[in-house]
Amino acid sequence: SQYIIHISVSHRFCDTFEIGSRLGNTHGGLSCMSSCGWSLNAQSGSKSMKRVITYGTYDLLHYGHLAMLKRARALGDFLVVALSSDEFNAGKGKRAYFSYEERKAMLEAIRYVDLVVPELTWGQKVEDIDRYGIDVFVMGDDWRGEFDGQLKGLCEIVYLPRTPEVSTARIKNDMRLR
Ligand code: C2G
């Protein structure tokens, strides 16, 4: 008799990679054949993964940011964070305490985040939806309605409640008072 074992491995950057393996009892050997290919990260555009994107400065990373990222990631299988560059922040009248590279490194260490890309302009969102094969756009509800005009019909638009009591500005202010 022959035993057929199917091992299906899914990794956060890939869809599923299945190895159909057949244990032949004649030679005791193990012959493996891959029964399907696999697609790598967001750029491959394979639609079996639900892709989410969110935008922000994420300076002085705090638990309000984490709550946002955790809920955003839970809306799909792959989360892209478009991180405001230092130059873009200047346009927002913000000067982040940590540089873009420092903020990017911190975000990439978070289990909910799969890919960090730069946010350079207000208008790049439409292009990003296409470039990263995005299904869901998510922002905190302090932005409610801001992006519906440009994104309506391109993807699902979700505004999630902010964590009210914490903010980067408040942390800076409280630290000044100590
Ligand atoms: N956030 C939150 N709770 C907080 C603070 C922030 O849920 N206490 C959310 C915000 O609503 C936003 C994300 O965390 O969705 C990032 O917040 P910021 O870094 O303040 O981002 P912002 O400066 O609002 O930039 O193009 C959009 C802009 O880049 C958003």
# chains A, B, ... in the order shown; residues from 1 in each chain; ligands from 1

$ residues_near_ligand --ligand "ligand 1" --cutoff "10 Å" --atoms "only C-alpha atoms and all ligand atoms" --output "NGL selection string"
:A and (54-69 or 71-72 or 81-85 or 88-89 or 92-94 or 96 or 118-125 or 138-144 or 146-147 or 159-170)

$ residues_around --residues "Val113 (chain A)" --least-positions-apart "2" --cutoff "9 Å" --atoms "only C-alpha atoms" --output "list of chain:residue names"
A:Leu69, A:Lys70, A:Arg73, A:Phe78, A:Leu79, A:Val80, A:Val81, A:Leu107, A:Glu108, A:Ala109, A:Ile110, A:Arg111, A:Leu115, A:Val116

$ atom_distance --atom1 "CA of Glu102 (chain A)" --atom2 "CA of Val117 (chain A)"
13.2 Å
